[in-house]
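**Q** My questions will all concern the structure given below.
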Amino acid sequence: GSNSDLSDNMISSSNSSSESESDQEEQAAAAAAAVSMPTFDEQLDQMRLAGNEAYKAGRYREAVSSYSRALAHCPDAVAVHVNRSMTNIKQKQYWAAHDDATTAITLEPNNHKAYHKRHQAKEGLGDYKGAISDLEQCITLAPTPQKHALQQELQALRAAAAAAADQAAAAAAAAAAAGFTDHGVVQIQEEVDDPTEVQQRLHDELKAHEVTIARRATKARQLAQQQRTAWQQQRDQQIQQQQQMAAAAAAALAARREERSARREARSAAKQQRRQGRKRAAAAEGAIAQVPEAAAEPVMAAAAVAAEPVAAAAAVEEDEAAVAAAAEPAAASPPPSVEGDQ
């Protein structure tokens with residue numbers, strides 16, 4: 001009675017433990033099948049969005065750093081060039097902003113946002129002629145709902161250009177008036193640069209620099225394609241490795257399940273055999289109680305014979321439980337994931 005109940009409890013506990021281990025093994029197999037390395041574009045988006053968050057928070061240096069990492073990953077990402085240009089304008093880094101905007105325009109000539117950023121960079125550098133030209137092109141390319149606001153911005157830019165030209169002319173006149181040096185009876189006027197010529201030299205310098213940036217942008221596109229291909233090859237290789245690990249984990253899981261199922265069937269058969277033995281023993285004891293004492297010995301001998309399978313099955317069950325406890329595998333640990341290059 002009590003021994004058989006204890007044995008039945010051991011079987012139930014073993015089944016519960018097996019179910020828990022089965023869940024852990026299934027989780028391990030799922031982990032082996034998961035792809036940890038993002039796609040090329042997913043990796044780019046992670047860094048771009050990190051830059052956007054830093055920009056919104058006013059952490060411009062951090063934003064530039066995130067955008068630079070994104071462009072090292074994908075040198076022809078036009079949106080990232082535009083965003084970094086915008087961030088550099090916030091920091092008054094106008095040359096850097098100009099170069100990013102020019103790269104974006106080279107890669108995507110109809111990008112009105114890139115023209116808008118370059119006009120701001122040129123205005124910061126003092127090239128009002130180039131700034132007006134870029135803003136006019138921005139208005140041409142921009143969606144209709146944005147044109148009115150851009151037209152107002154153009155009017156303000158032209159006014160600023162005229163004011164800057166008047167201020168430069170006044171400064172030049174003042175410098176010219178103060179530039180006379182008295183050498184006895186002869187007065188020599190110091191040479192003063194013409195403001196219009198200064199503006200033109202700056203404009204020409206920027207135009208020549210844009211040619212250099214355009215050549216770099218073409219190379220950036222080629223480099224981005226190479227890096228995209230290399231990234232995809234590495235990711236494909238990782239996926240193949242993880243699929244192999246998942247297949248191995250699934251095979252091991254199937255083998256352990258089959259082994260546990262066989263043990264459960266053996267324990268169930270032993271339990272059934274004990275129940276049948278107890279019924280036979282009980283029937284024999286009832287028969288003994290109904291016969292005279294002199295005739296009871298043959299019946300008692302038969303009862304002893306009927307009880308032998310019960311004792312034998314219990315011994316077998318105890319041996320199987322001990323063997324199963326020693327051989328039960330530990331819960332499978334998830335296979336290590338393959339880290340991708342960041």
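Just so we're on the same page: first chain in the structure tokens is A, next is B, and so on; residues restart at 1 for each chain, and ligands are numbered from 1 in the order they show up.
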Please produce, as a Markdown table, a per-residue contact table for range 68-151 of chain A versus range 155-168 of chain A (criterion: any atom at most 12 Å away, only C-alpha atoms considered), showing the nearest atom pair and its distance in Å to one decimal, sorted by chain then residue number.
**A**
| residue | atom | partner | partner_atom | distance |
| --- | --- | --- | --- | --- |
| A:His119 | CA | A:Leu157 | CA | 9.7 |
| A:Gln120 | CA | A:Leu157 | CA | 9.7 |
| A:Lys122 | CA | A:Leu157 | CA | 11.2 |
| A:Glu123 | CA | A:Leu157 | CA | 8.3 |
| A:Gly124 | CA | A:Leu157 | CA | 11.3 |
| A:Gly126 | CA | A:Ala164 | CA | 8.7 |
| A:Asp127 | CA | A:Ala161 | CA | 8.9 |
| A:Tyr128 | CA | A:Ala161 | CA | 5.7 |
| A:Lys129 | CA | A:Ala161 | CA | 8.0 |
| A:Gly130 | CA | A:Ala161 | CA | 10.8 |
| A:Ala131 | CA | A:Leu157 | CA | 8.2 |
| A:Ile132 | CA | A:Leu157 | CA | 7.0 |
| A:Ser133 | CA | A:Arg158 | CA | 10.6 |
| A:Asp134 | CA | A:Leu157 | CA | 11.3 |
| A:Leu135 | CA | A:Leu157 | CA | 9.0 |
| A:Glu136 | CA | A:Gln155 | CA | 10.6 |
| A:His148 | CA | A:Gln155 | CA | 10.9 |
| A:Ala149 | CA | A:Gln155 | CA | 10.1 |
| A:Leu150 | CA | A:Gln155 | CA | 8.7 |
| A:Gln151 | CA | A:Gln155 | CA | 6.4 |
**Q** Would you mind listing what lies within 12 Å of Arg215 in chain A as a PyMOL selection string, with only C-alpha atoms counted and same-chain residues fewer than 6 positions away left out?
**A** chain A and resi 99+102-103+106-107+208-209+221-222
**Q** Just the selected residues (N, CA and C atoms), exported as a short mmCIF file (atom, residue, chain, number, x, y, z; two decimals), in the first residue's frame, please.
**A**
data_model
loop_
_atom_site.label_atom_id
_atom_site.label_comp_id
_atom_site.auth_asym_id
_atom_site.auth_seq_id
_atom_site.Cartn_x
_atom_site.Cartn_y
_atom_site.Cartn_z
N ASP A 99 29.68 70.22 -47.02
CA ASP A 99 30.17 69.00 -47.66
C ASP A 99 29.13 67.89 -47.61
N THR A 102 26.36 68.74 -50.07
CA THR A 102 26.81 68.53 -51.45
C THR A 102 26.85 67.04 -51.79
N THR A 103 27.30 66.21 -50.85
CA THR A 103 27.32 64.75 -51.06
C THR A 103 25.90 64.24 -51.30
N THR A 106 24.73 65.18 -54.75
CA THR A 106 25.38 64.36 -55.77
C THR A 106 24.71 62.99 -55.86
N LEU A 107 24.40 62.40 -54.70
CA LEU A 107 23.80 61.06 -54.67
C LEU A 107 22.32 61.09 -55.05
N ALA A 208 34.42 75.06 -56.69
CA ALA A 208 35.50 74.12 -56.99
C ALA A 208 35.54 73.00 -55.96
N HIS A 209 35.27 73.35 -54.71
CA HIS A 209 35.25 72.33 -53.66
C HIS A 209 34.12 71.33 -53.88
N ARG A 221 29.41 55.76 -52.98
CA ARG A 221 28.36 54.85 -53.45
C ARG A 221 28.93 53.46 -53.75
N GLN A 222 30.08 53.41 -54.38
CA GLN A 222 30.72 52.12 -54.68
C GLN A 222 31.10 51.40 -53.39
#
**Q** Quick one: distance from CA of His116 in chain A to CA of Lys207 in chain A in Å, one decimal?
**A**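 Distance between the two atoms: 16.4 Å.
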**Q** Taking the chain letters and numbering used in this document, name the residues of range 125-239 of chain A that DSSP puts in alpha helix (DSSP H), as a PyMOL selection string.
**A** chain A and resi 125+128-141+144-177+195-239
**Q** If we count only C-alpha atoms, what is near Asn88 in chain A at a cut-off of 10 Å, once residues fewer than 5 positions away on the same chain are taken out, given as a list in words?
**A** Tyr60, Arg61, Ala63, Val64, Val82, Asn83, Gln93, Tyr94, Trp95, Ala96, Ala97, His98, Asp100, Lys117 and Ala121 of chain A
**Q** Take the selection from the previous step and output its residues with all heavy atoms, as a CSV table (one decimal), in the first residue's frame.
**A**
chain,number,residue,atom,x,y,z
A,60,TYR,N,24.1,67.7,-29.8
A,60,TYR,CA,24.5,67.8,-31.2
A,60,TYR,C,25.8,67.0,-31.5
A,60,TYR,O,26.0,66.4,-32.5
A,60,TYR,CB,24.7,69.2,-31.6
A,60,TYR,CG,23.4,70.0,-31.5
A,60,TYR,CD1,23.3,71.2,-30.9
A,60,TYR,CD2,22.2,69.5,-32.1
A,60,TYR,CE1,22.1,71.9,-30.8
A,60,TYR,CE2,21.0,70.2,-32.0
A,60,TYR,CZ,21.0,71.4,-31.3
A,60,TYR,OH,19.8,72.0,-31.2
A,61,ARG,N,26.8,67.1,-30.5
A,61,ARG,CA,28.0,66.3,-30.7
A,61,ARG,C,27.7,64.8,-30.8
A,61,ARG,O,28.3,64.1,-31.6
A,61,ARG,CB,29.0,66.6,-29.6
A,61,ARG,CG,29.6,68.0,-29.7
A,61,ARG,CD,30.7,68.1,-28.7
A,61,ARG,NE,31.4,69.5,-28.8
A,61,ARG,CZ,32.4,69.9,-28.0
A,61,ARG,NH1,32.8,69.0,-27.1
A,61,ARG,NH2,32.9,71.1,-28.2
A,63,ALA,N,24.9,63.5,-31.6
A,63,ALA,CA,24.2,63.2,-32.9
A,63,ALA,C,25.1,63.1,-34.0
A,63,ALA,O,25.0,62.1,-34.9
A,63,ALA,CB,23.2,64.3,-33.1
A,64,VAL,N,26.1,64.0,-34.1
A,64,VAL,CA,27.1,63.9,-35.2
A,64,VAL,C,27.8,62.6,-35.1
A,64,VAL,O,28.1,61.9,-36.1
A,64,VAL,CB,28.0,65.1,-35.2
A,64,VAL,CG1,29.2,64.9,-36.1
A,64,VAL,CG2,27.3,66.4,-35.6
A,82,VAL,N,22.1,64.4,-44.9
A,82,VAL,CA,21.3,65.6,-44.7
A,82,VAL,C,21.2,65.9,-43.2
A,82,VAL,O,21.3,67.0,-42.8
A,82,VAL,CB,19.9,65.4,-45.4
A,82,VAL,CG1,19.0,66.6,-45.0
A,82,VAL,CG2,20.0,65.3,-46.9
A,83,ASN,N,20.9,64.8,-42.4
A,83,ASN,CA,20.8,65.0,-41.0
A,83,ASN,C,22.1,65.5,-40.3
A,83,ASN,O,22.0,66.4,-39.4
A,83,ASN,CB,20.3,63.7,-40.3
A,83,ASN,CG,18.9,63.4,-40.6
A,83,ASN,OD1,18.2,64.2,-41.3
A,83,ASN,ND2,18.5,62.2,-40.2
A,93,GLN,N,29.2,74.7,-37.8
A,93,GLN,CA,30.3,74.0,-38.6
A,93,GLN,C,29.9,74.0,-40.1
A,93,GLN,O,29.5,73.0,-40.6
A,93,GLN,CB,30.5,72.6,-38.1
A,93,GLN,CG,30.9,72.5,-36.6
A,93,GLN,CD,32.3,73.2,-36.3
A,93,GLN,OE1,33.2,73.0,-37.1
A,93,GLN,NE2,32.4,73.8,-35.2
A,94,TYR,N,30.0,75.2,-40.7
A,94,TYR,CA,29.4,75.4,-42.0
A,94,TYR,C,30.1,74.6,-43.1
A,94,TYR,O,29.5,74.2,-44.1
A,94,TYR,CB,29.3,76.9,-42.3
A,94,TYR,CG,28.4,77.7,-41.3
A,94,TYR,CD1,29.0,78.7,-40.6
A,94,TYR,CD2,27.1,77.3,-41.2
A,94,TYR,CE1,28.1,79.4,-39.7
A,94,TYR,CE2,26.3,78.0,-40.3
A,94,TYR,CZ,26.8,79.1,-39.6
A,94,TYR,OH,26.0,79.7,-38.7
A,95,TRP,N,31.4,74.5,-43.0
A,95,TRP,CA,32.1,73.8,-44.1
A,95,TRP,C,31.7,72.3,-44.1
A,95,TRP,O,31.4,71.7,-45.1
A,95,TRP,CB,33.7,73.9,-43.9
A,95,TRP,CG,34.2,75.1,-44.6
A,95,TRP,CD1,34.6,76.3,-43.9
A,95,TRP,CD2,34.5,75.3,-46.0
A,95,TRP,NE1,35.1,77.2,-44.9
A,95,TRP,CE2,35.0,76.6,-46.1
A,95,TRP,CE3,34.3,74.5,-47.1
A,95,TRP,CZ2,35.4,77.1,-47.3
A,95,TRP,CZ3,34.7,75.1,-48.3
A,95,TRP,CH2,35.2,76.3,-48.5
A,96,ALA,N,31.7,71.7,-42.9
A,96,ALA,CA,31.3,70.3,-42.8
A,96,ALA,C,29.8,70.1,-43.2
A,96,ALA,O,29.5,69.2,-43.9
A,96,ALA,CB,31.4,69.8,-41.3
A,97,ALA,N,29.0,71.1,-42.9
A,97,ALA,CA,27.6,71.0,-43.3
A,97,ALA,C,27.4,71.2,-44.8
A,97,ALA,O,26.7,70.4,-45.4
A,97,ALA,CB,26.8,72.2,-42.6
A,98,HIS,N,28.3,72.0,-45.4
A,98,HIS,CA,28.3,72.2,-46.8
A,98,HIS,C,28.7,70.9,-47.5
A,98,HIS,O,28.1,70.5,-48.6
A,98,HIS,CB,29.2,73.3,-47.2
A,98,HIS,CG,29.5,73.4,-48.7
A,98,HIS,ND1,30.5,72.7,-49.3
A,98,HIS,CD2,28.9,74.1,-49.7
A,98,HIS,CE1,30.5,73.0,-50.6
A,98,HIS,NE2,29.6,73.9,-50.9
A,100,ASP,N,28.5,67.7,-46.5
A,100,ASP,CA,27.4,66.7,-46.4
A,100,ASP,C,26.3,67.0,-47.3
A,100,ASP,O,25.7,66.1,-48.0
A,100,ASP,CB,26.9,66.6,-44.9
A,100,ASP,CG,27.7,65.6,-44.1
A,100,ASP,OD1,28.1,64.5,-44.7
A,100,ASP,OD2,27.9,65.8,-42.9
A,117,LYS,N,19.7,72.7,-46.9
A,117,LYS,CA,20.8,72.7,-45.9
A,117,LYS,C,22.0,73.3,-46.5
A,117,LYS,O,22.8,74.0,-45.8
A,117,LYS,CB,21.1,71.2,-45.5
A,117,LYS,CG,20.0,70.5,-44.8
A,117,LYS,CD,19.6,71.3,-43.5
A,117,LYS,CE,18.4,70.8,-42.8
A,117,LYS,NZ,17.1,71.1,-43.6
A,121,ALA,N,24.2,76.5,-45.1
A,121,ALA,CA,25.7,76.4,-44.9
A,121,ALA,C,26.4,77.6,-45.7
A,121,ALA,O,27.3,78.2,-45.1
A,121,ALA,CB,26.2,75.1,-45.4
**Q** Can you tell me, as a list in words, which residues in range 154-238 of chain A count as strand (DSSP E or B) by DSSP?
**A**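 Here is the list: Phe180, Thr181, Asp182, His183, Val186, Gln187, Ile188 and Gln189 of chain A.
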**Q** Any chance you can output those residues with all heavy atoms as a PDB file, in the first residue's frame?
**A**
ATOM      1  N   PHE A 180      45.181 106.115 -46.056  1.00  0.00           N
ATOM      2  CA  PHE A 180      46.188 107.015 -46.605  1.00  0.00           C
ATOM      3  C   PHE A 180      47.355 107.127 -45.629  1.00  0.00           C
ATOM      4  O   PHE A 180      47.157 107.371 -44.439  1.00  0.00           O
ATOM      5  CB  PHE A 180      45.596 108.406 -46.864  1.00  0.00           C
ATOM      6  CG  PHE A 180      44.726 108.459 -48.093  1.00  0.00           C
ATOM      7  CD1 PHE A 180      43.351 108.316 -47.990  1.00  0.00           C
ATOM      8  CD2 PHE A 180      45.302 108.633 -49.350  1.00  0.00           C
ATOM      9  CE1 PHE A 180      42.565 108.364 -49.126  1.00  0.00           C
ATOM     10  CE2 PHE A 180      44.493 108.683 -50.484  1.00  0.00           C
ATOM     11  CZ  PHE A 180      43.122 108.549 -50.372  1.00  0.00           C
ATOM     12  N   THR A 181      48.552 106.941 -46.136  1.00  0.00           N
ATOM     13  CA  THR A 181      49.764 107.073 -45.331  1.00  0.00           C
ATOM     14  C   THR A 181      50.542 108.281 -45.809  1.00  0.00           C
ATOM     15  O   THR A 181      50.813 108.425 -47.000  1.00  0.00           O
ATOM     16  CB  THR A 181      50.639 105.807 -45.444  1.00  0.00           C
ATOM     17  OG1 THR A 181      49.846 104.703 -45.045  1.00  0.00           O
ATOM     18  CG2 THR A 181      51.867 105.922 -44.560  1.00  0.00           C
ATOM     19  N   ASP A 182      50.848 109.178 -44.901  1.00  0.00           N
ATOM     20  CA  ASP A 182      51.541 110.425 -45.250  1.00  0.00           C
ATOM     21  C   ASP A 182      53.042 110.194 -45.289  1.00  0.00           C
ATOM     22  O   ASP A 182      53.650 109.850 -44.280  1.00  0.00           O
ATOM     23  CB  ASP A 182      51.211 111.504 -44.227  1.00  0.00           C
ATOM     24  CG  ASP A 182      51.688 112.884 -44.684  1.00  0.00           C
ATOM     25  OD1 ASP A 182      52.345 112.943 -45.730  1.00  0.00           O
ATOM     26  OD2 ASP A 182      51.382 113.847 -43.977  1.00  0.00           O
ATOM     27  N   HIS A 183      53.624 110.287 -46.483  1.00  0.00           N
ATOM     28  CA  HIS A 183      55.072 110.180 -46.651  1.00  0.00           C
ATOM     29  C   HIS A 183      55.590 111.537 -47.127  1.00  0.00           C
ATOM     30  O   HIS A 183      55.849 111.772 -48.309  1.00  0.00           O
ATOM     31  CB  HIS A 183      55.430 109.089 -47.672  1.00  0.00           C
ATOM     32  CG  HIS A 183      55.043 107.711 -47.220  1.00  0.00           C
ATOM     33  ND1 HIS A 183      55.822 106.948 -46.394  1.00  0.00           N
ATOM     34  CD2 HIS A 183      53.917 106.987 -47.460  1.00  0.00           C
ATOM     35  CE1 HIS A 183      55.231 105.784 -46.150  1.00  0.00           C
ATOM     36  NE2 HIS A 183      54.054 105.789 -46.807  1.00  0.00           N
ATOM     37  N   VAL A 186      53.806 113.337 -50.150  1.00  0.00           N
ATOM     38  CA  VAL A 186      53.055 112.349 -50.948  1.00  0.00           C
ATOM     39  C   VAL A 186      52.206 111.507 -50.008  1.00  0.00           C
ATOM     40  O   VAL A 186      52.678 110.991 -48.992  1.00  0.00           O
ATOM     41  CB  VAL A 186      54.009 111.444 -51.760  1.00  0.00           C
ATOM     42  CG1 VAL A 186      53.193 110.424 -52.553  1.00  0.00           C
ATOM     43  CG2 VAL A 186      54.884 112.298 -52.653  1.00  0.00           C
ATOM     44  N   GLN A 187      50.927 111.342 -50.348  1.00  0.00           N
ATOM     45  CA  GLN A 187      50.038 110.461 -49.617  1.00  0.00           C
ATOM     46  C   GLN A 187      49.775 109.199 -50.447  1.00  0.00           C
ATOM     47  O   GLN A 187      49.406 109.286 -51.621  1.00  0.00           O
ATOM     48  CB  GLN A 187      48.708 111.149 -49.321  1.00  0.00           C
ATOM     49  CG  GLN A 187      48.822 112.228 -48.254  1.00  0.00           C
ATOM     50  CD  GLN A 187      47.474 112.805 -47.912  1.00  0.00           C
ATOM     51  OE1 GLN A 187      46.587 112.874 -48.765  1.00  0.00           O
ATOM     52  NE2 GLN A 187      47.308 113.216 -46.665  1.00  0.00           N
ATOM     53  N   ILE A 188      50.010 108.034 -49.842  1.00  0.00           N
ATOM     54  CA  ILE A 188      49.834 106.758 -50.540  1.00  0.00           C
ATOM     55  C   ILE A 188      48.615 106.044 -49.940  1.00  0.00           C
ATOM     56  O   ILE A 188      48.527 105.866 -48.718  1.00  0.00           O
ATOM     57  CB  ILE A 188      51.089 105.869 -50.416  1.00  0.00           C
ATOM     58  CG1 ILE A 188      52.298 106.604 -50.985  1.00  0.00           C
ATOM     59  CG2 ILE A 188      50.866 104.521 -51.075  1.00  0.00           C
ATOM     60  CD1 ILE A 188      53.602 105.855 -50.795  1.00  0.00           C
ATOM     61  N   GLN A 189      47.704 105.633 -50.795  1.00  0.00           N
ATOM     62  CA  GLN A 189      46.494 104.944 -50.324  1.00  0.00           C
ATOM     63  C   GLN A 189      46.764 103.441 -50.235  1.00  0.00           C
ATOM     64  O   GLN A 189      47.264 102.822 -51.170  1.00  0.00           O
ATOM     65  CB  GLN A 189      45.330 105.193 -51.279  1.00  0.00           C
ATOM     66  CG  GLN A 189      44.009 104.574 -50.789  1.00  0.00           C
ATOM     67  CD  GLN A 189      42.868 104.892 -51.723  1.00  0.00           C
ATOM     68  OE1 GLN A 189      43.093 105.417 -52.819  1.00  0.00           O
ATOM     69  NE2 GLN A 189      41.657 104.592 -51.282  1.00  0.00           N
TER      70      GLN A 189
END
